[in-house]
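Pasting protein14.cif here (mmCIF, C-alpha atoms):
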```cif
data_query
loop_
_atom_site.label_atom_id
_atom_site.label_comp_id
_atom_site.auth_asym_id
_atom_site.auth_seq_id
_atom_site.Cartn_x
_atom_site.Cartn_y
_atom_site.Cartn_z
CA MET P 818 -12.31 20.24 -10.34
CA LEU P 819 -14.40 18.28 -7.83
CA ALA P 820 -13.64 18.91 -4.15
CA LYS P 821 -12.85 15.95 -1.89
CA PRO P 822 -15.74 14.92 0.39
CA ARG P 823 -15.03 16.46 3.78
CA SER P 824 -15.93 13.20 5.54
CA LEU P 825 -12.69 11.73 4.15
CA ASN P 826 -10.80 13.99 6.56
CA THR P 827 -11.97 11.95 9.54
CA ILE P 828 -11.19 8.64 7.84
CA GLY P 829 -7.76 9.95 6.88
CA ILE P 830 -6.89 11.11 10.38
CA ILE P 831 -7.99 7.83 11.98
CA GLN P 832 -6.17 5.80 9.36
CA THR P 833 -2.97 7.80 9.77
CA LEU P 834 -2.99 7.41 13.55
CA LEU P 835 -3.82 3.69 13.53
CA ALA P 836 -1.35 2.84 10.77
CA SER P 837 1.44 4.85 12.40
CA ALA P 838 0.83 3.09 15.72
CA PHE P 839 0.94 -0.30 13.98
CA VAL P 840 4.22 0.62 12.26
CA ILE P 841 5.81 1.56 15.57
CA TRP P 842 4.55 -1.53 17.39
CA LEU P 843 5.06 -4.23 14.79
CA ALA P 844 8.16 -2.98 12.97
CA PHE P 845 10.04 -1.70 16.02
CA LEU P 846 8.81 -4.12 18.70
CA PRO P 847 8.15 -7.35 16.78
CA ASP P 848 8.88 -9.62 19.74
CA THR P 849 5.79 -8.25 21.49
CA ALA P 850 3.46 -8.85 18.53
CA GLY P 851 1.97 -11.94 20.11
CA ASN P 852 -0.17 -9.44 22.06
CA PHE P 853 -1.45 -7.67 18.95
CA ALA P 854 -5.11 -7.91 17.91
CA TRP P 855 -4.29 -11.48 16.94
CA PRO P 856 -1.13 -13.42 17.82
CA ILE P 857 1.76 -12.67 15.45
CA ASP P 858 4.23 -15.07 17.01
CA ILE P 859 6.81 -14.90 14.20
CA PRO P 860 8.75 -11.62 14.54
CA LEU P 861 9.63 -11.38 10.84
CA MET P 862 5.94 -11.57 9.97
CA ALA P 863 5.26 -8.77 12.46
CA VAL P 864 7.98 -6.69 10.79
CA PHE P 865 6.52 -7.38 7.33
CA ILE P 866 3.05 -6.28 8.38
CA GLY P 867 4.41 -3.28 10.30
CA ALA P 868 6.55 -2.10 7.38
CA GLY P 869 3.55 -2.48 5.08
CA PHE P 870 1.54 -0.13 7.24
CA THR P 871 3.86 2.70 6.15
CA GLY P 872 1.85 2.64 2.93
CA ARG P 873 -1.40 2.90 4.86
CA ALA P 874 -0.07 5.81 6.94
CA TYR P 875 0.98 7.57 3.72
CA LEU P 876 -2.45 6.98 2.21
CA GLY P 877 -4.26 8.16 5.32
CA TYR P 878 -2.23 11.36 5.39
CA HIS P 879 -3.29 12.23 1.84
CA LEU P 880 -6.92 11.32 2.48
CA TRP P 881 -6.75 13.83 5.31
CA ARG P 882 -4.72 16.64 3.72
CA GLU P 883 -5.65 16.74 0.03
CA LYS P 884 -8.45 19.11 -0.96
CA GLU P 885 -9.36 18.01 -4.48
CA TRP P 886 -10.63 14.59 -5.50
CA TRP P 887 -8.43 14.24 -8.60
CA ARG P 888 -5.38 14.16 -6.34
CA LEU P 889 -6.79 11.04 -4.62
CA ARG P 890 -7.98 8.97 -7.56
CA TRP P 891 -4.71 6.99 -7.58
CA GLN P 892 -5.54 5.34 -4.25
CA VAL P 893 -9.12 4.09 -4.76
CA TRP P 894 -8.45 0.63 -6.23
CA GLY P 895 -5.58 -0.19 -3.89
CA ASN P 896 -7.36 1.05 -0.80
CA MET P 897 -10.47 -1.02 -1.49
CA GLY P 898 -8.41 -4.08 -2.44
CA PHE P 899 -6.45 -3.85 0.80
CA LEU P 900 -9.57 -3.35 2.90
CA ALA P 901 -11.45 -6.18 1.20
CA ILE P 902 -8.66 -8.66 1.97
CA VAL P 903 -8.33 -7.50 5.58
CA PHE P 904 -12.11 -7.65 6.01
CA VAL P 905 -12.37 -11.23 4.74
CA ALA P 906 -9.24 -12.44 6.56
CA THR P 907 -10.41 -10.92 9.85
CA PHE P 908 -13.84 -12.54 9.76
CA TRP P 909 -12.43 -15.82 8.43
CA HIS P 910 -10.18 -16.09 11.49
CA LEU P 911 -12.27 -14.12 13.98
CA SER P 912 -12.13 -16.82 16.65
CA GLU P 913 -8.30 -16.78 16.57
CA MET P 914 -7.99 -13.17 17.68
CA ASN P 915 -6.76 -12.17 21.14
CA TRP P 916 -10.21 -11.72 22.64
CA THR P 917 -8.94 -12.47 26.14
CA THR P 918 -5.61 -10.67 26.33
CA SER P 919 -6.14 -7.72 23.93
CA ILE P 920 -9.90 -7.25 23.82
CA ILE P 921 -9.81 -3.44 23.36
CA LEU P 922 -7.36 -3.64 20.47
CA VAL P 923 -9.36 -6.47 18.88
CA HIS P 924 -12.49 -4.34 18.94
CA ILE P 925 -10.61 -1.36 17.47
CA TRP P 926 -9.29 -3.55 14.65
CA VAL P 927 -12.60 -5.25 13.89
CA VAL P 928 -14.63 -2.02 13.99
CA ALA P 929 -12.09 -0.02 11.98
CA TYR P 930 -11.61 -2.58 9.22
CA SER P 931 -15.28 -3.52 9.04
CA THR P 932 -16.64 0.00 8.75
CA GLU P 933 -13.97 1.72 6.64
CA PRO P 934 -14.55 -0.19 3.38
CA LEU P 935 -18.32 0.18 3.73
CA ILE P 936 -18.19 3.90 4.48
CA LEU P 937 -15.71 4.57 1.68
CA TRP P 938 -17.95 2.78 -0.79
CA LEU P 939 -20.79 5.10 0.22
CA ILE P 940 -18.97 8.43 0.21
CA GLU P 941 -16.31 8.25 -2.51
CA PRO P 942 -17.30 10.34 -5.54
CA ARG P 943 -18.43 8.60 -8.73
CA GLY P 944 -19.67 9.61 -12.16
CA ASP P 945 -18.37 11.88 -14.88
CA LYS P 946 -17.52 14.75 -12.55
CA ALA P 947 -15.38 12.52 -10.31
CA ASN P 948 -13.51 11.08 -13.30
CA GLU P 949 -13.13 14.15 -15.47
CA PRO P 950 -9.64 14.78 -16.91
CA ILE P 951 -7.52 17.32 -15.10
CA SER P 952 -7.39 20.80 -16.57
CA ALA P 953 -4.55 21.90 -18.84
CA GLU P 954 -2.97 24.18 -16.25
CA LEU P 955 -2.62 21.26 -13.79
CA ARG P 956 -0.93 18.89 -16.20
CA GLU P 957 2.70 17.88 -15.57
CA GLY P 958 3.40 15.78 -18.63
CA PRO P 959 2.53 12.34 -20.02
CA ILE P 960 3.43 9.07 -18.29
CA SER P 961 6.48 7.51 -19.94
CA ARG P 962 6.20 4.12 -21.58
CA GLY P 963 8.94 2.83 -19.26
CA LEU P 964 7.03 3.79 -16.12
CA GLN P 965 3.81 2.39 -17.55
CA LEU P 966 5.52 -0.93 -18.31
CA THR P 967 7.04 -1.02 -14.81
CA MET P 968 3.63 -0.42 -13.26
CA GLY P 969 2.20 -3.26 -15.34
CA ILE P 970 4.90 -5.64 -14.11
CA VAL P 971 4.38 -4.55 -10.49
CA PHE P 972 0.64 -5.11 -10.86
CA VAL P 973 0.95 -8.64 -12.26
CA SER P 974 3.69 -9.81 -9.89
CA MET P 975 2.22 -8.34 -6.70
CA PHE P 976 -1.28 -9.57 -7.55
CA ILE P 977 0.06 -13.12 -7.91
CA VAL P 978 2.00 -12.86 -4.62
CA SER P 979 -1.13 -11.61 -2.88
CA ALA P 980 -3.21 -14.44 -4.33
CA LEU P 981 -0.68 -17.04 -3.17
CA LEU P 982 -0.59 -15.64 0.36
CA PHE P 983 -4.36 -15.38 0.63
CA ILE P 984 -5.67 -18.45 -1.22
CA THR P 985 -2.92 -21.00 -0.63
CA PRO P 986 -0.98 -20.07 2.54
CA GLU P 987 0.22 -23.67 2.93
CA PHE P 988 1.83 -23.59 -0.50
CA ALA P 989 3.14 -20.04 0.02
CA ASP P 990 4.89 -21.33 3.15
CA THR P 991 7.05 -23.57 0.94
CA ARG P 992 8.31 -20.49 -0.96
CA TRP P 993 8.44 -17.79 1.73
CA PRO P 994 11.57 -16.62 3.63
CA TRP P 995 9.94 -17.17 7.03
CA GLU P 996 7.24 -19.43 8.43
CA LEU P 997 3.65 -18.66 7.47
CA ASP P 998 0.40 -19.55 9.22
CA PRO P 999 -2.98 -19.09 7.48
CA PHE P 1000 -4.21 -16.07 9.46
CA ASN P 1001 -1.04 -14.02 9.19
CA SER P 1002 -0.51 -15.07 5.58
CA ARG P 1003 -3.97 -13.82 4.62
CA ILE P 1004 -3.51 -10.50 6.44
CA ALA P 1005 -0.08 -10.10 4.82
CA ALA P 1006 -1.69 -10.62 1.40
CA ALA P 1007 -3.35 -7.20 1.76
CA PHE P 1008 -0.04 -5.35 1.33
CA PRO P 1009 1.05 -6.73 -2.06
CA MET P 1010 -2.56 -6.22 -3.18
CA LEU P 1011 -2.34 -2.58 -2.11
CA ALA P 1012 0.83 -2.18 -4.20
CA ALA P 1013 -0.61 -4.13 -7.14
CA LEU P 1014 -3.74 -2.01 -7.46
CA TRP P 1015 -1.91 1.28 -6.90
CA ALA P 1016 0.35 0.27 -9.79
CA ALA P 1017 -2.63 -0.74 -11.94
CA ARG P 1018 -4.30 2.61 -11.36
CA VAL P 1019 -1.13 4.48 -12.34
CA TYR P 1020 -0.84 2.29 -15.47
CA PHE P 1021 -4.12 3.70 -16.79
CA MET P 1022 -3.42 7.35 -15.92
CA ASP P 1023 -2.48 9.89 -18.57
CA ASP P 1024 -0.62 12.57 -16.67
CA TRP P 1025 2.18 12.65 -14.10
CA ALA P 1026 0.35 15.17 -11.91
CA GLU P 1027 -2.32 12.57 -11.18
CA ALA P 1028 0.00 9.56 -10.91
CA LYS P 1029 2.85 11.03 -8.86
CA LEU P 1030 1.44 10.38 -5.39
CA GLY P 1031 0.73 6.74 -6.24
CA VAL P 1032 4.26 6.14 -7.49
CA ARG P 1033 5.67 7.89 -4.43
CA GLY P 1034 3.59 5.58 -2.21
CA LEU P 1035 5.08 2.53 -3.91
CA LEU P 1036 8.57 3.94 -3.33
CA ILE P 1037 7.86 4.51 0.36
CA MET P 1038 6.53 0.98 0.85
CA GLY P 1039 9.41 -0.60 -1.08
CA SER P 1040 11.98 1.41 0.86
CA ALA P 1041 10.36 0.48 4.19
CA TYR P 1042 10.61 -3.22 3.33
CA ILE P 1043 14.24 -2.89 2.24
CA VAL P 1044 15.23 -1.09 5.45
CA ALA P 1045 13.32 -3.64 7.55
CA TYR P 1046 15.05 -6.52 5.77
CA PHE P 1047 18.55 -5.26 6.53
CA VAL P 1048 17.75 -4.18 10.09
CA TYR P 1049 16.45 -7.67 10.88
CA LEU P 1050 18.90 -9.55 8.64
CA PRO P 1051 20.35 -11.62 11.55
CA ARG P 1052 16.90 -13.13 12.15
CA TYR P 1053 16.59 -14.64 8.68
CA ASP P 1054 17.14 -18.36 8.27
CA PHE P 1055 18.99 -18.67 4.99
CA ASN P 1056 18.49 -22.42 5.01
CA ARG P 1057 14.85 -21.60 4.36
CA HIS P 1058 13.30 -20.43 1.09
CA ASN P 1059 14.16 -17.51 -1.16
CA GLY P 1060 15.55 -15.04 1.37
CA ILE P 1061 17.98 -13.66 -1.22
CA VAL P 1062 15.36 -13.64 -3.98
CA TYR P 1063 13.03 -11.67 -1.71
CA ILE P 1064 15.45 -8.81 -1.08
CA VAL P 1065 16.97 -8.74 -4.57
CA THR P 1066 13.52 -8.45 -6.11
CA LEU P 1067 12.56 -5.67 -3.68
CA VAL P 1068 15.72 -3.70 -4.39
CA ILE P 1069 15.44 -4.06 -8.17
CA PHE P 1070 11.78 -3.04 -8.33
CA THR P 1071 12.25 -0.12 -5.92
CA ALA P 1072 15.33 1.12 -7.79
CA ILE P 1073 13.54 0.98 -11.14
CA ILE P 1074 10.53 2.85 -9.74
CA ALA P 1075 12.86 5.44 -8.17
CA TYR P 1076 14.59 5.93 -11.52
CA PHE P 1077 11.37 6.50 -13.40
CA TYR P 1078 10.11 8.82 -10.65
CA TRP P 1079 13.26 10.89 -11.11
CA ARG P 1080 12.89 10.86 -14.91
CA GLN P 1081 9.26 11.93 -14.68
CA GLU P 1082 10.23 14.82 -12.42
CA GLN P 1083 12.83 15.96 -14.97
CA THR P 1084 10.29 15.66 -17.76
CA ARG P 1085 7.76 17.56 -15.65
CA LYS P 1086 10.09 20.55 -15.43
CA GLU P 1087 10.68 20.48 -19.18
CA PHE P 1088 6.94 20.09 -19.86
CA ILE P 1089 5.94 23.00 -17.62
CA SER P 1090 8.71 25.16 -19.06
CA ALA P 1091 7.54 24.43 -22.60
CA GLU P 1092 3.92 25.09 -21.67
CA THR P 1093 4.66 28.45 -20.07
CA LYS P 1094 7.13 29.65 -22.72
CA PRO P 1095 5.60 32.49 -24.76
CA SER P 1096 4.77 31.50 -28.32
CA GLY P 1097 6.37 33.27 -31.25
#
```
For this file, produce the structure as structure tokens.
Amino acid sequence: MLAKPRSLNTIGIIQTLLASAFVIWLAFLPDTAGNFAWPIDIPLMAVFIGAGFTGRAYLGYHLWREKEWWRLRWQVWGNMGFLAIVFVATFWHLSEMNWTTSIILVHIWVVAYSTEPLILWLIEPRGDKANEPISAELREGPISRGLQLTMGIVFVSMFIVSALLFITPEFADTRWPWELDPFNSRIAAAFPMLAALWAARVYFMDDWAEAKLGVRGLLIMGSAYIVAYFVYLPRYDFNRHNGIVYIVTLVIFTAIIAYFYWRQEQTRKEFISAETKPSG
């Protein structure tokens, strides 16, 4: 199987460090987020963005630590979708960033999220070798129809949410549990897009060995959002829109994904046992 390009180690390390720092700052200290690279003056929006960066930290860790490319194919679509949205949103609202109060952080953000998508596009493997099926000894069993259907639903729903946040932030504000402004809405759109395209990639995979890390990433992101919701529950204005719908939907989707993850792991054990059992 094709080895991972070594240059992805550096990208993975930087991504893990940056994303982890953003999680700590925005999710744990949301009242200070007005001093971020751009002003995030609504604490619940800071928490949402910070919790979403758990997925980026998870992704960065695997870009850094995995050795073989097939173990990373699950992340390509989601990573590029996330980075494309952040790239466009950043340059769309460049003049609104904290150039006076947080100039170092602004430059870190702009340089990191301008160069990463361009470098990844240059160095990520392509062609038949990069996309070859995994060998028989690496297989862990087929993807169940239930998990595939769940991934399809996650893809469609999260893609629509991302489109609403990015294209029509004013309309999204009439349906969102906290106040939205265009800049923060467009940045926030990157996280449902990340989830949508991870799910889409898993939908088209054939074997659990290749899909497992992507499903685990969705579980981590969903769990982070659920924990953040309940930790900051007193800050929600339930006279506003869809606060209950937001958390109920998160819990249901995350629980369903967790169930199918567990089922796939049980099936994996049975599959490997059957494959290694002597014939005759």
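Of the residues listed (P:Lys821, P:Arg1018, P:Arg992, P:Arg943), P:Arg1018 shows the shortest atom-to-atom separation from P:Gly969; distances use all atoms listed in the file.
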>> I need the output of the PyMOL selection byres ((chain P and resi 984) around 12) for this file as a VMD selection string; which residues are they?
In response: chain P and resid 902 905 to 906 976 to 983 985 to 990 999 to 1000 1002 to 1007
How would the residues just chosen look if you wrote them out with C-alpha atoms as a compact mmCIF listing (two decimals), in the coordinates of the input?
```
# COMPACT_ATOMS: atom_id res chain seq x y z
CA ILE P 902 -8.66 -8.66 1.97
CA VAL P 905 -12.37 -11.23 4.74
CA ALA P 906 -9.24 -12.44 6.56
CA PHE P 976 -1.28 -9.57 -7.55
CA ILE P 977 0.06 -13.12 -7.91
CA VAL P 978 2.00 -12.86 -4.62
CA SER P 979 -1.13 -11.61 -2.88
CA ALA P 980 -3.21 -14.44 -4.33
CA LEU P 981 -0.68 -17.04 -3.17
CA LEU P 982 -0.59 -15.64 0.36
CA PHE P 983 -4.36 -15.38 0.63
CA THR P 985 -2.92 -21.00 -0.63
CA PRO P 986 -0.98 -20.07 2.54
CA GLU P 987 0.22 -23.67 2.93
CA PHE P 988 1.83 -23.59 -0.50
CA ALA P 989 3.14 -20.04 0.02
CA ASP P 990 4.89 -21.33 3.15
CA PRO P 999 -2.98 -19.09 7.48
CA PHE P 1000 -4.21 -16.07 9.46
CA SER P 1002 -0.51 -15.07 5.58
CA ARG P 1003 -3.97 -13.82 4.62
CA ILE P 1004 -3.51 -10.50 6.44
CA ALA P 1005 -0.08 -10.10 4.82
CA ALA P 1006 -1.69 -10.62 1.40
CA ALA P 1007 -3.35 -7.20 1.76
```
>> Translate the PyMOL selection byres ((chain P and resi 931) around 10) into a concrete residue list for this structure, as a PyMOL selection string.
In response: chain P and resi 900-901+903-905+907-908+925-930+932-936
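Shell of stretch 845-857 of chain P at 6 Å, with all atoms listed in the file counted and residues fewer than 3 places along the chain excluded, is P:Ile841, P:Trp842, P:Pro860, P:Ala863, P:Met914, P:Asn915, P:Leu922, P:Val923.
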> What does the PyMOL selection byres ((chain P and resi 1040) around 12) select in this file, as a ChimeraX atom specification?
Replying inline: /P:868-869,871-872,1033-1039,1041-1047,1064,1067-1072,1074-1075
>> Here is a test: counting all atoms listed in the file, which residue of P:Ala1026, P:Ala1016, P:Leu843, P:Ala874 is nearest to P:Ser952?
In response: P:Ala1026
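With only C-alpha atoms as the atoms that count, the minimum distance from P:Met975 to the choices P:Asn1001, P:Thr1066, P:Ser837, P:Ser824 is reached by P:Thr1066.
The smallest atom-to-atom distance between P:Trp881 and any of P:Val1062, P:Asn896, P:Thr917, P:Ile828, using all atoms listed in the file, is found for P:Ile828.
Neighbours of P:Asn1056 closer than or equal to 12 Å, with only C-alpha atoms counted and sequence neighbours fewer than 4 positions away skipped, come out as Arg992, Trp993, Pro994, Trp995, Arg1052, Gly1060 and Ile1061 of chain P.
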>> Just checking: using all atoms listed in the file, which residue out of P:Asp998, P:Tyr1053, P:Ala1017, P:Val971 ends up closest to P:Ile1073?
In response: P:Val971
